[in-house]
$ cat my_file-v3.cif   # mmCIF, C-alpha atoms
data_data
#
loop_
_atom_site.label_atom_id
_atom_site.label_comp_id
_atom_site.auth_asym_id
_atom_site.auth_seq_id
_atom_site.Cartn_x
_atom_site.Cartn_y
_atom_site.Cartn_z
CA MET U 257 2.11 -56.32 -17.93
CA ALA U 258 -1.69 -56.41 -18.31
CA ARG U 259 -1.52 -53.87 -21.14
CA SER U 260 1.01 -55.95 -23.07
CA ARG U 261 -1.16 -59.06 -22.74
CA LYS U 262 -4.20 -57.15 -24.02
CA TRP U 263 -2.24 -55.88 -27.03
CA ALA U 264 -0.95 -59.40 -27.78
CA SER U 265 -4.44 -60.87 -27.64
CA ASN U 266 -5.67 -58.37 -30.23
CA LEU U 267 -3.17 -59.73 -32.79
CA ASP U 268 -4.94 -62.77 -34.23
CA MET U 269 -4.44 -63.63 -37.92
CA TYR U 270 -6.88 -66.54 -37.74
CA ARG U 271 -9.82 -64.77 -36.19
CA LYS U 272 -13.21 -66.20 -37.26
CA VAL U 273 -15.45 -64.31 -39.68
CA PRO U 274 -18.66 -63.05 -38.02
CA MET U 275 -21.82 -64.95 -38.93
CA ASP U 276 -23.43 -61.75 -40.26
CA LEU U 277 -20.99 -61.73 -43.15
CA LEU U 278 -21.69 -65.38 -43.98
CA GLU U 279 -25.42 -64.93 -44.46
CA GLY U 280 -26.57 -65.23 -48.07
CA THR U 281 -28.53 -62.54 -49.92
CA LYS U 282 -30.72 -62.64 -53.01
CA ARG U 283 -28.50 -60.21 -54.90
CA GLY U 284 -25.38 -62.19 -54.10
CA SER U 285 -27.03 -65.41 -55.29
CA ILE U 286 -27.96 -63.84 -58.63
CA ILE U 287 -24.41 -62.56 -59.19
CA SER U 288 -22.97 -65.97 -58.26
CA TYR U 289 -25.24 -67.85 -60.70
CA VAL U 290 -24.38 -65.38 -63.52
CA ALA U 291 -20.66 -65.80 -62.85
CA ILE U 292 -20.90 -69.62 -62.79
CA PHE U 293 -22.95 -69.65 -66.00
CA THR U 294 -20.48 -67.33 -67.76
CA MET U 295 -17.50 -69.47 -66.74
CA ILE U 296 -19.23 -72.63 -67.99
CA ILE U 297 -20.01 -71.01 -71.37
CA LEU U 298 -16.44 -69.76 -71.76
CA PHE U 299 -15.05 -73.18 -70.82
CA PHE U 300 -17.15 -74.97 -73.47
CA MET U 301 -16.38 -72.34 -76.16
CA GLU U 302 -12.63 -72.53 -75.58
CA THR U 303 -12.75 -76.34 -75.58
CA ILE U 304 -14.70 -76.46 -78.86
CA SER U 305 -12.32 -73.92 -80.44
CA PHE U 306 -9.28 -75.92 -79.34
CA PHE U 307 -10.50 -79.24 -80.80
CA ALA U 308 -11.95 -77.68 -83.95
CA GLY U 309 -8.57 -76.31 -85.02
CA SER U 310 -7.80 -72.87 -86.47
CA THR U 311 -8.00 -71.87 -90.12
CA LEU U 312 -5.24 -69.52 -91.34
CA GLN U 313 -6.59 -66.77 -93.56
CA THR U 314 -4.26 -64.74 -95.76
CA ASP U 315 -4.84 -61.84 -98.11
CA VAL U 316 -2.40 -60.94 -100.89
CA SER U 317 -2.53 -57.53 -102.56
CA LEU U 318 -0.30 -56.56 -105.46
CA ASP U 319 1.35 -53.17 -105.72
CA ASN U 320 0.64 -51.46 -109.03
CA ASN U 321 3.90 -49.48 -108.85
CA THR U 322 6.08 -50.35 -111.85
CA ASP U 323 9.29 -48.78 -110.51
CA PRO U 324 12.04 -51.38 -110.02
CA LYS U 325 13.22 -49.65 -106.83
CA LEU U 326 11.46 -48.90 -103.56
CA ARG U 327 12.10 -45.55 -101.92
CA VAL U 328 12.16 -45.47 -98.12
CA ASN U 329 12.69 -42.17 -96.28
CA ILE U 330 14.57 -42.48 -93.00
CA ASN U 331 14.74 -39.45 -90.72
CA ILE U 332 17.56 -39.80 -88.20
CA THR U 333 18.84 -36.99 -86.00
CA MET U 334 22.31 -37.42 -84.47
CA MET U 335 23.66 -34.50 -82.48
CA ASP U 336 27.26 -35.65 -82.04
CA LEU U 337 27.83 -38.02 -84.97
CA ARG U 338 28.17 -37.18 -88.64
CA CYS U 339 25.76 -39.05 -90.87
CA ASP U 340 28.70 -40.05 -93.10
CA TYR U 341 29.56 -42.69 -90.50
CA ALA U 342 26.02 -44.06 -90.16
CA THR U 343 25.23 -47.46 -91.65
CA VAL U 344 21.87 -49.14 -92.12
CA ASP U 345 21.38 -52.91 -91.89
CA ILE U 346 18.16 -54.76 -92.70
CA VAL U 347 17.50 -58.04 -90.89
CA SER U 348 14.77 -60.35 -92.20
CA PRO U 349 12.60 -62.53 -89.93
CA LEU U 350 14.79 -65.47 -91.00
CA GLY U 351 17.88 -63.74 -89.63
CA THR U 352 19.36 -62.73 -92.99
CA SER U 353 21.30 -59.47 -92.66
CA LEU U 354 21.68 -57.05 -95.58
CA ASN U 355 23.69 -53.83 -95.56
CA VAL U 356 21.95 -51.16 -97.67
CA THR U 357 24.19 -48.22 -96.81
CA SER U 358 25.62 -48.01 -100.32
CA HIS U 359 22.13 -47.38 -101.72
CA LEU U 360 21.30 -44.55 -99.33
CA SER U 361 21.14 -40.87 -100.23
CA LYS U 362 22.21 -38.77 -97.26
CA PHE U 363 21.15 -35.14 -96.98
CA SER U 364 22.93 -32.67 -94.72
CA LEU U 365 20.65 -30.14 -93.01
CA ASP U 366 21.53 -26.73 -91.67
CA ALA U 367 20.43 -25.22 -88.35
CA ARG U 368 17.04 -24.28 -89.85
CA GLY U 369 16.37 -27.84 -90.97
CA LEU U 370 16.85 -27.00 -94.66
CA ARG U 371 18.74 -29.34 -96.95
CA ASP U 372 22.21 -28.27 -97.99
CA ARG U 373 22.93 -27.88 -101.68
CA PHE U 374 25.49 -30.66 -102.01
CA HIS U 375 23.89 -33.97 -101.05
CA GLY U 376 23.94 -37.65 -101.85
CA ARG U 377 27.66 -38.06 -101.33
CA ASN U 378 27.43 -41.85 -101.27
CA MET U 379 25.02 -42.36 -104.19
CA GLN U 380 25.92 -44.88 -106.82
CA GLN U 381 26.41 -43.66 -110.36
CA SER U 382 23.47 -45.74 -111.57
CA ASP U 383 21.15 -43.90 -109.17
CA ILE U 384 21.64 -40.38 -110.51
CA LEU U 385 20.78 -38.45 -113.65
CA MET U 386 23.88 -38.38 -115.82
CA HIS U 387 22.88 -35.20 -117.69
CA ASP U 388 20.11 -32.64 -117.92
CA GLU U 389 17.48 -33.87 -120.36
CA LEU U 390 16.17 -30.30 -120.77
CA VAL U 391 19.42 -29.34 -122.51
CA THR U 392 18.84 -30.31 -126.14
CA ASP U 393 21.54 -28.24 -127.86
CA THR U 394 24.77 -29.88 -128.87
CA LEU U 395 28.12 -28.74 -127.55
CA GLU U 396 29.01 -27.30 -130.96
CA ASP U 397 25.82 -25.18 -130.97
CA LEU U 398 26.56 -23.89 -127.49
CA HIS U 399 30.10 -22.89 -128.51
CA VAL U 400 28.91 -20.66 -131.36
CA ASN U 401 28.92 -17.57 -129.12
CA GLY U 402 32.01 -18.61 -127.20
CA GLU U 403 33.01 -21.13 -124.57
CA ASP U 404 31.79 -20.29 -121.05
CA ALA U 405 33.18 -23.37 -119.28
CA VAL U 406 36.85 -22.43 -119.09
CA SER U 407 39.41 -25.10 -119.95
CA LEU U 408 42.18 -25.13 -117.35
CA ASP U 409 45.64 -26.57 -117.04
CA SER U 410 47.72 -26.87 -113.88
CA GLU U 411 48.65 -23.18 -113.72
CA GLY U 412 45.17 -22.06 -114.75
CA LEU U 413 43.54 -24.11 -111.99
CA GLU U 414 45.91 -22.66 -109.42
CA ASP U 415 45.19 -19.10 -110.58
CA ALA U 416 41.43 -19.73 -110.59
CA ARG U 417 41.52 -21.05 -107.03
CA GLU U 418 43.35 -17.93 -105.91
CA GLU U 419 41.18 -15.47 -107.88
CA TYR U 420 37.66 -16.86 -107.27
CA VAL U 421 35.96 -17.81 -104.03
CA TYR U 422 34.17 -20.76 -105.62
CA VAL U 423 35.49 -22.84 -108.51
CA PHE U 424 33.48 -25.79 -109.84
CA VAL U 425 35.63 -28.06 -112.01
CA ASP U 426 34.66 -30.96 -114.25
CA PHE U 427 37.56 -33.41 -114.47
CA TYR U 428 36.77 -35.40 -117.59
CA ALA U 429 38.27 -37.65 -120.24
CA SER U 430 37.58 -37.09 -123.91
CA TRP U 431 36.95 -40.81 -124.50
CA CYS U 432 34.43 -41.13 -121.63
CA SER U 433 30.83 -41.52 -122.83
CA HIS U 434 29.39 -40.11 -119.60
CA CYS U 435 31.65 -37.08 -119.96
CA LYS U 436 30.39 -36.48 -123.48
CA MET U 437 26.78 -36.68 -122.25
CA LEU U 438 27.52 -34.19 -119.49
CA ALA U 439 29.42 -31.67 -121.64
CA PRO U 440 26.36 -29.70 -122.95
CA THR U 441 24.85 -29.55 -119.45
CA TRP U 442 28.14 -28.29 -118.04
CA GLU U 443 28.35 -25.59 -120.71
CA VAL U 444 24.78 -24.45 -119.99
CA LEU U 445 25.65 -24.28 -116.28
CA ALA U 446 28.64 -22.06 -117.10
CA GLU U 447 26.43 -19.85 -119.30
CA THR U 448 23.92 -19.55 -116.46
CA MET U 449 26.63 -18.36 -114.06
CA THR U 450 27.92 -15.85 -116.64
CA GLU U 451 24.42 -14.50 -117.33
CA ALA U 452 23.82 -14.08 -113.60
CA ALA U 453 27.04 -12.07 -113.28
CA MET U 454 26.17 -9.95 -116.32
CA GLU U 455 22.74 -9.14 -114.93
CA LYS U 456 24.30 -8.04 -111.66
CA VAL U 457 26.82 -5.83 -113.48
CA ASP U 458 24.05 -4.33 -115.63
CA GLU U 459 21.95 -3.54 -112.57
CA THR U 460 24.90 -1.96 -110.81
CA PHE U 461 26.15 0.30 -113.58
CA GLN U 462 22.93 0.59 -115.61
CA HIS U 463 25.04 0.84 -118.75
CA LEU U 464 22.23 -0.40 -120.98
CA GLU U 465 19.99 2.63 -120.21
CA LYS U 466 22.50 5.42 -119.66
CA GLY U 467 25.53 4.12 -121.49
CA HIS U 468 28.95 3.76 -119.98
CA ASP U 469 32.56 4.55 -120.69
CA TYR U 470 33.86 1.07 -119.88
CA THR U 471 35.74 -0.87 -122.48
CA THR U 472 34.84 -4.45 -123.35
CA LYS U 473 37.83 -5.68 -121.38
CA GLU U 474 36.78 -3.70 -118.31
CA TYR U 475 33.23 -4.98 -118.61
CA ASN U 476 34.44 -8.58 -118.84
CA GLU U 477 36.62 -8.04 -115.76
CA ALA U 478 33.58 -6.70 -113.89
CA VAL U 479 31.63 -9.80 -114.91
CA LYS U 480 34.42 -12.00 -113.56
CA VAL U 481 34.30 -10.18 -110.25
CA GLU U 482 30.54 -10.71 -109.92
CA LEU U 483 30.70 -14.32 -111.08
CA PRO U 484 29.00 -16.39 -108.32
CA VAL U 485 30.82 -19.60 -109.24
CA MET U 486 33.51 -20.12 -111.84
CA VAL U 487 32.62 -23.17 -113.89
CA ALA U 488 35.66 -24.80 -115.46
CA LYS U 489 36.85 -28.13 -116.84
CA VAL U 490 40.08 -30.11 -117.05
CA ASP U 491 40.83 -32.70 -119.72
CA CYS U 492 42.57 -35.51 -117.87
CA VAL U 493 43.80 -37.05 -121.12
CA ILE U 494 45.87 -33.93 -121.84
CA HIS U 495 46.65 -32.99 -118.24
CA LYS U 496 47.16 -36.46 -116.85
CA GLN U 497 49.61 -35.46 -114.10
CA LEU U 498 47.27 -32.73 -112.84
CA CYS U 499 44.47 -35.26 -112.44
CA LEU U 500 46.78 -37.73 -110.73
CA ASP U 501 47.92 -35.06 -108.28
CA SER U 502 44.26 -34.15 -107.66
CA GLN U 503 43.46 -37.83 -106.97
CA ILE U 504 40.90 -38.15 -109.75
CA PHE U 505 39.97 -41.82 -110.03
CA ALA U 506 36.70 -41.67 -112.01
CA TYR U 507 35.28 -39.66 -114.89
CA PRO U 508 33.64 -37.30 -114.74
CA THR U 509 34.53 -35.99 -111.28
CA LEU U 510 32.79 -32.74 -110.34
CA ARG U 511 34.79 -31.03 -107.62
CA LEU U 512 34.03 -27.79 -105.84
CA PHE U 513 36.86 -25.61 -104.58
CA ALA U 514 36.01 -23.03 -101.90
CA GLU U 515 38.51 -20.32 -100.99
CA GLY U 516 41.30 -22.21 -102.73
CA LYS U 517 40.69 -25.54 -101.00
CA SER U 518 38.92 -28.67 -102.17
CA ALA U 519 35.48 -28.59 -100.50
CA ALA U 520 33.58 -31.62 -101.81
CA ASP U 521 32.95 -33.86 -104.81
CA TYR U 522 29.42 -33.49 -106.13
CA ARG U 523 27.60 -36.80 -106.65
CA GLY U 524 24.02 -35.65 -107.02
CA ASP U 525 21.86 -35.43 -110.15
CA ARG U 526 23.81 -33.76 -112.95
CA THR U 527 21.25 -31.16 -113.91
CA VAL U 528 21.55 -27.39 -114.16
CA LEU U 529 19.09 -26.76 -111.32
CA GLU U 530 20.77 -29.23 -108.98
#

$ encode --input "my_file-v3.cif" --output "structure tokens"
Amino acid sequence: MARSRKWASNLDMYRKVPMDLLEGTKRGSIISYVAIFTMIILFFMETISFFAGSTLQTDVSLDNNTDPKLRVNINITMMDLRCDYATVDIVSPLGTSLNVTSHLSKFSLDARGLRDRFHGRNMQQSDILMHDELVTDTLEDLHVNGEDAVSLDSEGLEDAREEYVYVFVDFYASWCSHCKMLAPTWEVLAETMTEAAMEKVDETFQHLEKGHDYTTKEYNEAVKVELPVMVAKVDCVIHKQLCLDSQIFAYPTLRLFAEGKSAADYRGDRTVLE
């Protein structure tokens, strides 16, 4: 009982502070005066600043870029969602919302982080190069030594899809101005593919140095085998039903077929290198 009373008497939240702690010191007085002086100065400065009012200062700098469009690179990584379904909305400080998805160029990356060849699947036609400006020859000049971009009909397209791994087809209309602009570039692309196949055949058989017993027909067949991509074209004015069955709704439509199936429509810059 006595122990419990002693423990209870030790619990005192209102115990008096010892007089030793209440004695003033010279160092404490100096610190107190400095603190009071600092608070008074801050009080007067804040009061003067409040009644004086604030002056808004602005600085305007003009961009010397003459391009009518502003390019913004957005790097977004989504592990489980295709970027085809991603949309981008811009909201101004005033609350105005603007969807800019139609003006975006989306690039698909492989496992190494490198950009795939076919990109920009949602680019508008006004945002891309309609033809290769480096190609200065006319279509007639390019056809002097033969036509490399093969013209196909319904049966020819079916045979090409079965014979070649990759078939790149230009579905065009003869009255389309954009198609006419693209025609020389498309022919140069076909010539580039043919030259690449010929170089591979020449390296394999070395017929230029040692000669060979192959006929011209056999040599052409070997070139077809080594052709990396068959570049062809379909006139939708002549083969209207073929284009309708292929769901061609705009000219020109550049469609890649891989292993006999439609892989993708190319909507990037229409240059030979691209």

$ resolve_selection --input "my_file-v3.cif" --expression "the PyMOL selection byres ((chain U and resi 406-410) around 7)" --output "list in words"
Glu403, Asp404, Ala405, Glu411, Gly412, Leu413, Glu414, Val487, Ala488, Lys489, Val490, His495 and Leu498 of chain U

$ residues_around --input "my_file-v3.cif" --residues "Thr527 (chain U)" --least-positions-apart "5" --cutoff "8 Å" --atoms "all atoms listed in the file" --output "VMD selection string"
chain U and resid 385 to 389 441

$ residues_near_point --input "my_file-v3.cif" --point "(33.4, -35.0, -113.3)" --cutoff "12 Å" --atoms "all atoms listed in the file" --output "PyMOL selection string"
chain U and resi 381+386-387+424-430+432-439+441-442+487-492+499+504-512+520-526

$ atom_distance --input "my_file-v3.cif" --atom1 "CA of Ala514 (chain U)" --atom2 "CA of Glu418 (chain U)"
9.8 Å

$ atom_distance --input "my_file-v3.cif" --atom1 "CA of Trp431 (chain U)" --atom2 "CA of Leu395 (chain U)"
15.3 Å

$ atom_distance --input "my_file-v3.cif" --atom1 "CA of Lys517 (chain U)" --atom2 "CA of Thr333 (chain U)"
28.9 Å
